[in-house]
$ cat protein.cif   # mmCIF, C-alpha atoms
data_entry
#
loop_
_atom_site.group_PDB
_atom_site.id
_atom_site.type_symbol
_atom_site.label_atom_id
_atom_site.label_comp_id
_atom_site.auth_asym_id
_atom_site.auth_seq_id
_atom_site.Cartn_x
_atom_site.Cartn_y
_atom_site.Cartn_z
ATOM 1 C CA MET A 787 80.750 51.977 101.531
ATOM 2 C CA ARG A 788 83.530 53.688 103.476
ATOM 3 C CA PRO A 789 82.832 54.947 106.974
ATOM 4 C CA VAL A 790 82.931 58.725 107.369
ATOM 5 C CA SER A 791 85.302 59.916 110.050
ATOM 6 C CA ILE A 792 84.108 62.208 112.827
ATOM 7 C CA LEU A 793 86.893 64.641 111.855
ATOM 8 C CA ALA A 794 85.553 64.886 108.278
ATOM 9 C CA LEU A 795 82.042 65.593 109.568
ATOM 10 C CA PHE A 796 83.298 68.360 111.865
ATOM 11 C CA ALA A 797 85.403 69.861 109.054
ATOM 12 C CA SER A 798 82.470 69.979 106.639
ATOM 13 C CA ALA A 799 80.168 71.423 109.328
ATOM 14 C CA ALA A 800 82.750 74.115 110.146
ATOM 15 C CA LEU A 801 83.142 74.967 106.453
ATOM 16 C CA PHE A 802 79.363 75.220 105.986
ATOM 17 C CA SER A 803 78.894 77.453 109.042
ATOM 18 C CA ALA A 804 81.828 79.711 108.016
ATOM 19 C CA THR A 805 80.340 80.136 104.525
ATOM 20 C CA ALA A 806 76.919 81.006 105.951
ATOM 21 C CA ALA A 807 78.477 83.432 108.451
ATOM 22 C CA ASP A 808 80.495 85.175 105.705
ATOM 23 C CA GLU A 809 77.334 86.000 103.730
ATOM 24 C CA VAL A 810 76.691 89.697 104.316
ATOM 25 C CA LYS A 811 73.091 90.857 104.394
ATOM 26 C CA PRO A 812 71.701 94.378 104.069
ATOM 27 C CA PRO A 813 71.120 96.298 107.314
ATOM 28 C CA GLU A 814 67.595 96.317 108.687
ATOM 29 C CA GLY A 815 65.398 98.574 106.540
ATOM 30 C CA TRP A 816 67.529 98.045 103.396
ATOM 31 C CA LYS A 817 67.151 95.621 100.479
ATOM 32 C CA GLU A 818 69.338 94.264 97.708
ATOM 33 C CA SER A 819 68.502 95.698 94.270
ATOM 34 C CA LYS A 820 69.762 95.032 90.743
ATOM 35 C CA GLY A 821 70.442 97.742 88.187
ATOM 36 C CA GLY A 822 72.132 98.696 84.951
ATOM 37 C CA TYR A 823 71.506 97.326 81.473
ATOM 38 C CA LYS A 824 68.756 94.655 81.728
ATOM 39 C CA ASN A 825 69.146 94.959 85.534
ATOM 40 C CA ASP A 826 72.238 92.791 85.142
ATOM 41 C CA ALA A 827 75.209 95.170 85.540
ATOM 42 C CA PHE A 828 75.346 95.691 89.306
ATOM 43 C CA ILE A 829 73.850 94.860 92.683
ATOM 44 C CA ILE A 830 73.498 97.429 95.466
ATOM 45 C CA TRP A 831 71.599 97.873 98.733
ATOM 46 C CA LEU A 832 68.906 100.561 98.826
ATOM 47 C CA PRO A 833 66.595 101.757 101.635
ATOM 48 C CA SER A 834 63.382 99.689 101.617
ATOM 49 C CA ASP A 835 61.129 102.675 102.297
ATOM 50 C CA GLY A 836 62.468 104.939 99.521
ATOM 51 C CA LYS A 837 60.732 105.789 96.259
ATOM 52 C CA VAL A 838 62.682 103.880 93.598
ATOM 53 C CA ASP A 839 63.415 105.393 90.198
ATOM 54 C CA ASP A 840 64.817 102.901 87.676
ATOM 55 C CA LYS A 841 65.291 104.270 84.180
ATOM 56 C CA MET A 842 67.559 104.617 81.183
ATOM 57 C CA SER A 843 68.397 107.942 79.604
ATOM 58 C CA SER A 844 70.774 108.925 76.847
ATOM 59 C CA VAL A 845 72.646 111.991 75.758
ATOM 60 C CA MET A 846 73.873 112.589 72.222
ATOM 61 C CA THR A 847 77.266 114.250 72.005
ATOM 62 C CA LYS A 848 79.539 115.073 69.092
ATOM 63 C CA ASN A 849 81.455 111.907 70.076
ATOM 64 C CA GLY A 850 78.403 109.623 70.122
ATOM 65 C CA GLN A 851 75.643 108.492 72.463
ATOM 66 C CA ILE A 852 76.172 108.239 76.220
ATOM 67 C CA ARG A 853 73.701 105.816 77.851
ATOM 68 C CA ILE A 854 72.928 106.013 81.563
ATOM 69 C CA TYR A 855 71.106 103.212 83.416
ATOM 70 C CA ARG A 856 70.094 104.662 86.773
ATOM 71 C CA LEU A 857 68.665 103.086 89.936
ATOM 72 C CA MET A 858 67.847 105.646 92.648
ATOM 73 C CA SER A 859 65.963 105.627 95.940
ATOM 74 C CA ALA A 860 64.637 108.903 97.380
ATOM 75 C CA GLY A 861 63.753 108.758 101.066
ATOM 76 C CA LYS A 862 60.980 110.627 102.850
ATOM 77 C CA ASP A 863 63.738 112.225 104.943
ATOM 78 C CA GLY A 864 65.234 113.905 101.840
ATOM 79 C CA SER A 865 68.118 111.464 101.431
ATOM 80 C CA VAL A 866 68.986 110.008 98.026
ATOM 81 C CA PHE A 867 70.894 106.776 97.399
ATOM 82 C CA GLY A 868 71.627 105.315 94.003
ATOM 83 C CA ALA A 869 73.911 103.801 91.433
ATOM 84 C CA SER A 870 74.298 104.205 87.682
ATOM 85 C CA GLN A 871 75.957 102.382 84.833
ATOM 86 C CA ILE A 872 77.280 104.941 82.347
ATOM 87 C CA ILE A 873 78.187 103.531 78.931
ATOM 88 C CA LEU A 874 80.428 105.805 76.910
ATOM 89 C CA PRO A 875 80.725 105.825 73.122
ATOM 90 C CA PRO A 876 84.014 104.353 71.831
ATOM 91 C CA ALA A 877 85.265 107.822 70.829
ATOM 92 C CA LEU A 878 85.271 108.886 74.486
ATOM 93 C CA ASN A 879 87.256 105.814 75.460
ATOM 94 C CA THR A 880 90.365 107.542 74.080
ATOM 95 C CA VAL A 881 90.047 110.246 76.762
ATOM 96 C CA THR A 882 92.169 109.461 79.828
ATOM 97 C CA ILE A 883 90.490 107.963 82.877
ATOM 98 C CA LYS A 884 91.600 110.985 84.916
ATOM 99 C CA ASP A 885 89.920 113.373 82.450
ATOM 100 C CA ARG A 886 86.681 111.338 82.566
ATOM 101 C CA GLN A 887 86.780 111.288 86.376
ATOM 102 C CA ASP A 888 87.441 115.031 86.540
ATOM 103 C CA LEU A 889 84.551 115.740 84.151
ATOM 104 C CA LEU A 890 82.082 113.569 86.109
ATOM 105 C CA ARG A 891 83.340 114.978 89.433
ATOM 106 C CA ASP A 892 82.783 118.557 88.260
ATOM 107 C CA LEU A 893 79.313 117.693 86.902
ATOM 108 C CA PHE A 894 78.403 116.107 90.262
ATOM 109 C CA VAL A 895 79.636 119.112 92.263
ATOM 110 C CA ASP A 896 77.512 121.370 90.021
ATOM 111 C CA GLU A 897 74.523 118.982 90.242
ATOM 112 C CA VAL A 898 74.437 119.165 94.070
ATOM 113 C CA LYS A 899 75.458 122.870 94.086
ATOM 114 C CA GLY A 900 78.350 122.001 96.352
ATOM 115 C CA LYS A 901 81.993 122.454 97.194
ATOM 116 C CA LEU A 902 84.508 119.599 96.909
ATOM 117 C CA LEU A 903 85.904 118.690 100.353
ATOM 118 C CA GLU A 904 87.758 115.433 99.727
ATOM 119 C CA GLU A 905 88.940 113.171 96.912
ATOM 120 C CA LYS A 906 90.499 109.721 97.364
ATOM 121 C CA LYS A 907 91.347 106.598 95.371
ATOM 122 C CA VAL A 908 89.144 103.521 95.929
ATOM 123 C CA THR A 909 88.854 99.912 94.801
ATOM 124 C CA ALA A 910 85.597 97.955 94.797
ATOM 125 C CA THR A 911 84.632 94.693 93.081
ATOM 126 C CA ASN A 912 88.061 94.640 91.400
ATOM 127 C CA LEU A 913 87.360 98.052 89.839
ATOM 128 C CA THR A 914 89.448 101.116 90.616
ATOM 129 C CA GLY A 915 88.232 104.643 90.840
ATOM 130 C CA LYS A 916 87.764 107.704 92.981
ATOM 131 C CA GLU A 917 85.452 108.761 95.769
ATOM 132 C CA TYR A 918 84.433 112.360 96.405
ATOM 133 C CA LEU A 919 82.941 114.113 99.426
ATOM 134 C CA VAL A 920 81.066 117.337 98.654
ATOM 135 C CA GLU A 921 79.552 119.897 101.004
ATOM 136 C CA THR A 922 76.064 120.880 99.809
ATOM 137 C CA PRO A 923 73.730 123.692 100.947
ATOM 138 C CA ASP A 924 71.709 121.071 102.908
ATOM 139 C CA GLY A 925 74.477 118.734 104.085
ATOM 140 C CA LEU A 926 76.831 116.361 102.287
ATOM 141 C CA ALA A 927 77.054 114.291 99.124
ATOM 142 C CA ARG A 928 79.339 111.337 98.391
ATOM 143 C CA MET A 929 80.052 109.918 94.965
ATOM 144 C CA ARG A 930 82.148 106.908 93.999
ATOM 145 C CA LEU A 931 83.225 106.468 90.362
ATOM 146 C CA LEU A 932 84.465 103.025 89.295
ATOM 147 C CA ASN A 933 86.055 102.415 85.893
ATOM 148 C CA SER A 934 85.527 99.413 83.627
ATOM 149 C CA GLY A 935 86.594 100.146 80.051
ATOM 150 C CA ILE A 936 83.895 102.111 78.255
ATOM 151 C CA GLN A 937 81.658 101.735 81.315
ATOM 152 C CA ILE A 938 81.771 103.863 84.419
ATOM 153 C CA PHE A 939 79.786 103.013 87.526
ATOM 154 C CA ARG A 940 78.614 105.860 89.735
ATOM 155 C CA VAL A 941 77.444 105.301 93.322
ATOM 156 C CA VAL A 942 75.883 108.314 95.066
ATOM 157 C CA ALA A 943 74.496 109.271 98.481
ATOM 158 C CA VAL A 944 73.080 112.727 99.259
ATOM 159 C CA GLY A 945 71.619 113.907 102.553
ATOM 160 C CA SER A 946 72.199 115.814 105.776
ATOM 161 C CA LYS A 947 75.547 115.605 107.559
ATOM 162 C CA GLU A 948 73.998 113.275 110.143
ATOM 163 C CA GLN A 949 72.505 110.996 107.470
ATOM 164 C CA LEU A 950 75.779 110.659 105.561
ATOM 165 C CA LYS A 951 77.833 109.925 108.673
ATOM 166 C CA ALA A 952 75.632 106.935 109.598
ATOM 167 C CA LYS A 953 77.277 103.493 109.391
ATOM 168 C CA GLU A 954 74.609 102.384 106.888
ATOM 169 C CA VAL A 955 76.051 104.808 104.323
ATOM 170 C CA ASP A 956 79.431 103.032 104.396
ATOM 171 C CA ALA A 957 77.572 99.710 104.108
ATOM 172 C CA PHE A 958 75.651 101.139 101.117
ATOM 173 C CA PHE A 959 78.866 102.086 99.283
ATOM 174 C CA ASP A 960 80.510 98.770 100.172
ATOM 175 C CA SER A 961 77.448 96.835 98.957
ATOM 176 C CA PHE A 962 78.041 97.767 95.299
ATOM 177 C CA LYS A 963 78.957 94.697 93.231
ATOM 178 C CA HIS A 964 79.701 94.796 89.512
ATOM 179 C CA THR A 965 78.045 91.729 87.957
ATOM 180 C CA PRO A 966 79.602 91.245 84.522
ATOM 181 C CA LYS A 967 78.285 88.500 82.273
ATOM 182 C CA ASN A 968 80.128 85.196 82.198
ATOM 183 C CA THR A 969 81.990 85.521 78.895
ATOM 184 C CA LYS A 970 82.730 81.786 78.693
ATOM 185 C CA ILE A 971 79.001 81.047 78.679
ATOM 186 C CA ASP A 972 78.424 83.780 76.054
ATOM 187 C CA GLU A 973 81.229 82.346 73.884
ATOM 188 C CA LYS A 974 79.629 78.880 74.017
ATOM 189 C CA LYS A 975 76.279 80.361 72.921
ATOM 190 C CA ASP A 976 78.018 82.065 69.976
ATOM 191 C CA GLU A 977 79.736 78.788 68.982
ATOM 192 C CA LYS A 978 76.342 77.025 68.917
ATOM 193 C CA LYS A 979 74.903 79.776 66.684
ATOM 194 C CA ASP A 980 77.776 79.356 64.210
ATOM 195 C CA LYS A 981 77.128 75.599 63.806
#
$ encode --input "protein.cif" --output "structure tokens"
Amino acid sequence: MRPVSILALFASAALFSATAADEVKPPEGWKESKGGYKNDAFIIWLPSDGKVDDKMSSVMTKNGQIRIYRLMSAGKDGSVFGASQIILPPALNTVTIKDRQDLLRDLFVDEVKGKLLEEKKVTATNLTGKEYLVETPDGLARMRLLNSGIQIFRVVAVGSKEQLKAKEVDAFFDSFKHTPKNTKIDEKKDEKKDK
């Protein structure tokens, strides 16, 4: 058995402590939640004290069915935080990303009865998209749209101006993580089925 050097012990201890320190946890009063299809499409932080609504809905269009997997938390203070996985039918995949973003932006502005104040490009979890800031009759609303093929992820926060300027709101938006399935594992399962 070879002796372990003191330097190697310190290096491994430093690596372990750096990894533990890099792990980001939700702010106090928030919890990590899973959502999307089979609760396996994304992870996001939601307020612990909010009423959670986790459901799937669908809309039939002339181009096919649009499925929406929604995870929302409504707070006692009137704030709403949530994320959705929107799965488009293949026929709508031929529409440009900009046209899809514009459509969903306009629907959101109408939904919150607001006025668009700001629009900017964003990247999160290796997905690109847009973020919108909307003035509402009761405050502000923020929406982030992230594109992934025929899927679009929507992250939303609605509340008073004070609520939406809190540092926890930025942490909420930054907490979104797309959790796609490991395709190599799925391919191996398919190979076993074929045999």
$ residues_near_point --input "protein.cif" --point "(75.3, 97.4, 88.1)" --cutoff "10 Å" --atoms "all atoms listed in the file" --output "list of chain:residue names"
A:Ser819, A:Lys820, A:Gly821, A:Gly822, A:Tyr823, A:Lys824, A:Asn825, A:Asp826, A:Ala827, A:Phe828, A:Ile829, A:Ile830, A:Tyr855, A:Arg856, A:Leu857, A:Ala869, A:Ser870, A:Gln871, A:Ile872, A:Ile938, A:Phe939, A:Arg940, A:Val941, A:Phe962, A:Lys963, A:His964, A:Thr965, A:Pro966
$ atom_distance --input "protein.cif" --atom1 "CA of Asp835 (chain A)" --atom2 "CA of Asp896 (chain A)"
27.7 Å
$ closest_residue --input "protein.cif" --among "A:Asp863, A:Glu905, A:Glu897, A:Asp960" --to "Gly945 (chain A)" --atoms "all atoms listed in the file"
A:Asp863
$ resolve_selection --input "protein.cif" --expression "the PyMOL selection byres ((chain A and resi 867) around 7)" --output "mmCIF file with C-alpha atoms, keeping the file's coordinate frame"
data_model
loop_
_atom_site.group_PDB
_atom_site.id
_atom_site.type_symbol
_atom_site.label_atom_id
_atom_site.label_comp_id
_atom_site.auth_asym_id
_atom_site.auth_seq_id
_atom_site.Cartn_x
_atom_site.Cartn_y
_atom_site.Cartn_z
ATOM 1 C CA LEU A 832 68.906 100.561 98.826
ATOM 2 C CA MET A 858 67.847 105.646 92.648
ATOM 3 C CA SER A 859 65.963 105.627 95.940
ATOM 4 C CA ALA A 860 64.637 108.903 97.380
ATOM 5 C CA SER A 865 68.118 111.464 101.431
ATOM 6 C CA VAL A 866 68.986 110.008 98.026
ATOM 7 C CA GLY A 868 71.627 105.315 94.003
ATOM 8 C CA VAL A 942 75.883 108.314 95.066
ATOM 9 C CA ALA A 943 74.496 109.271 98.481
ATOM 10 C CA VAL A 944 73.080 112.727 99.259
#
$ closest_residue --input "protein.cif" --among "A:Leu890, A:Met842, A:Met929, A:Val920" --to "Ser946 (chain A)" --atoms "all atoms listed in the file"
A:Val920
$ atom_distance --input "protein.cif" --atom1 "CA of Gln887 (chain A)" --atom2 "CA of Leu931 (chain A)"
7.2 Å
$ closest_residue --input "protein.cif" --among "A:Leu878, A:Val898, A:Met846, A:Val810" --to "Leu926 (chain A)" --atoms "all atoms listed in the file"
A:Val898
$ closest_residue --input "protein.cif" --among "A:Thr922, A:Ala957, A:Leu893, A:Lys862" --to "Glu818 (chain A)" --atoms "only C-alpha atoms"
A:Ala957
$ residues_around --input "protein.cif" --residues "Lys848 (chain A)" --least-positions-apart "5" --cutoff "12 Å" --atoms "all atoms listed in the file" --output "PyMOL selection string"
chain A and resi 875-878
$ residues_around --input "protein.cif" --residues "Lys811 (chain A)" --least-positions-apart "3" --cutoff "10 Å" --atoms "all atoms listed in the file" --output "list in words"
Asp808, Glu814, Trp816, Lys817, Glu818, Trp831, Ala957 and Ser961 of chain A
$ closest_residue --input "protein.cif" --among "A:Ile852, A:Leu950, A:Ala927, A:Leu932" --to "Val908 (chain A)" --atoms "all atoms listed in the file"
A:Leu932
$ closest_residue --input "protein.cif" --among "A:Leu874, A:Ile936, A:Lys899, A:Gly815" --to "Ser844 (chain A)" --atoms "all atoms listed in the file"
A:Leu874
$ resolve_selection --input "protein.cif" --expression "the PyMOL selection byres ((chain A and resi 918) around 8)" --output "JSON list (two decimals) with C-alpha atoms, keeping the file's coordinate frame"
[["chain", "number", "residue", "atom", "x", "y", "z"],
["A", 891, "ARG", "CA", 83.34, 114.98, 89.43],
["A", 902, "LEU", "CA", 84.51, 119.60, 96.91],
["A", 903, "LEU", "CA", 85.90, 118.69, 100.35],
["A", 904, "GLU", "CA", 87.76, 115.43, 99.73],
["A", 905, "GLU", "CA", 88.94, 113.17, 96.91],
["A", 906, "LYS", "CA", 90.50, 109.72, 97.36],
["A", 916, "LYS", "CA", 87.76, 107.70, 92.98],
["A", 917, "GLU", "CA", 85.45, 108.76, 95.77],
["A", 919, "LEU", "CA", 82.94, 114.11, 99.43],
["A", 920, "VAL", "CA", 81.07, 117.34, 98.65],
["A", 928, "ARG", "CA", 79.34, 111.34, 98.39],
["A", 929, "MET", "CA", 80.05, 109.92, 94.96],
["A", 930, "ARG", "CA", 82.15, 106.91, 94.00]]
$ build_atoms --input "protein.cif" --residues "region 911-923 of chain A" --atoms "N, CA and C atoms" --output "compact mmCIF listing (two decimals), keeping the file's coordinate frame"
# COMPACT_ATOMS: atom_id res chain seq x y z
N THR A 911 84.97 95.74 94.05
CA THR A 911 84.63 94.69 93.08
C THR A 911 85.68 94.61 91.97
N ASN A 912 86.94 94.70 92.35
CA ASN A 912 88.06 94.64 91.40
C ASN A 912 88.08 95.79 90.41
N LEU A 913 87.34 96.85 90.67
CA LEU A 913 87.36 98.05 89.84
C LEU A 913 88.04 99.16 90.64
N THR A 914 88.81 99.99 89.94
CA THR A 914 89.45 101.12 90.62
C THR A 914 88.71 102.39 90.27
N GLY A 915 88.89 103.38 91.11
CA GLY A 915 88.23 104.64 90.84
C GLY A 915 88.54 105.67 91.90
N LYS A 916 87.61 106.60 92.03
CA LYS A 916 87.76 107.70 92.98
C LYS A 916 86.47 107.87 93.76
N GLU A 917 86.61 108.40 94.96
CA GLU A 917 85.45 108.76 95.77
C GLU A 917 85.59 110.23 96.16
N TYR A 918 84.45 110.93 96.15
CA TYR A 918 84.43 112.36 96.40
C TYR A 918 83.45 112.67 97.53
N LEU A 919 83.83 113.60 98.38
CA LEU A 919 82.94 114.11 99.43
C LEU A 919 82.72 115.59 99.12
N VAL A 920 81.44 115.98 99.05
CA VAL A 920 81.07 117.34 98.65
C VAL A 920 80.16 117.93 99.72
N GLU A 921 80.44 119.17 100.10
CA GLU A 921 79.55 119.90 101.00
C GLU A 921 78.46 120.54 100.16
N THR A 922 77.20 120.32 100.54
CA THR A 922 76.06 120.88 99.81
C THR A 922 75.37 121.93 100.69
N PRO A 923 74.46 122.72 100.12
CA PRO A 923 73.73 123.69 100.95
C PRO A 923 72.94 123.03 102.09
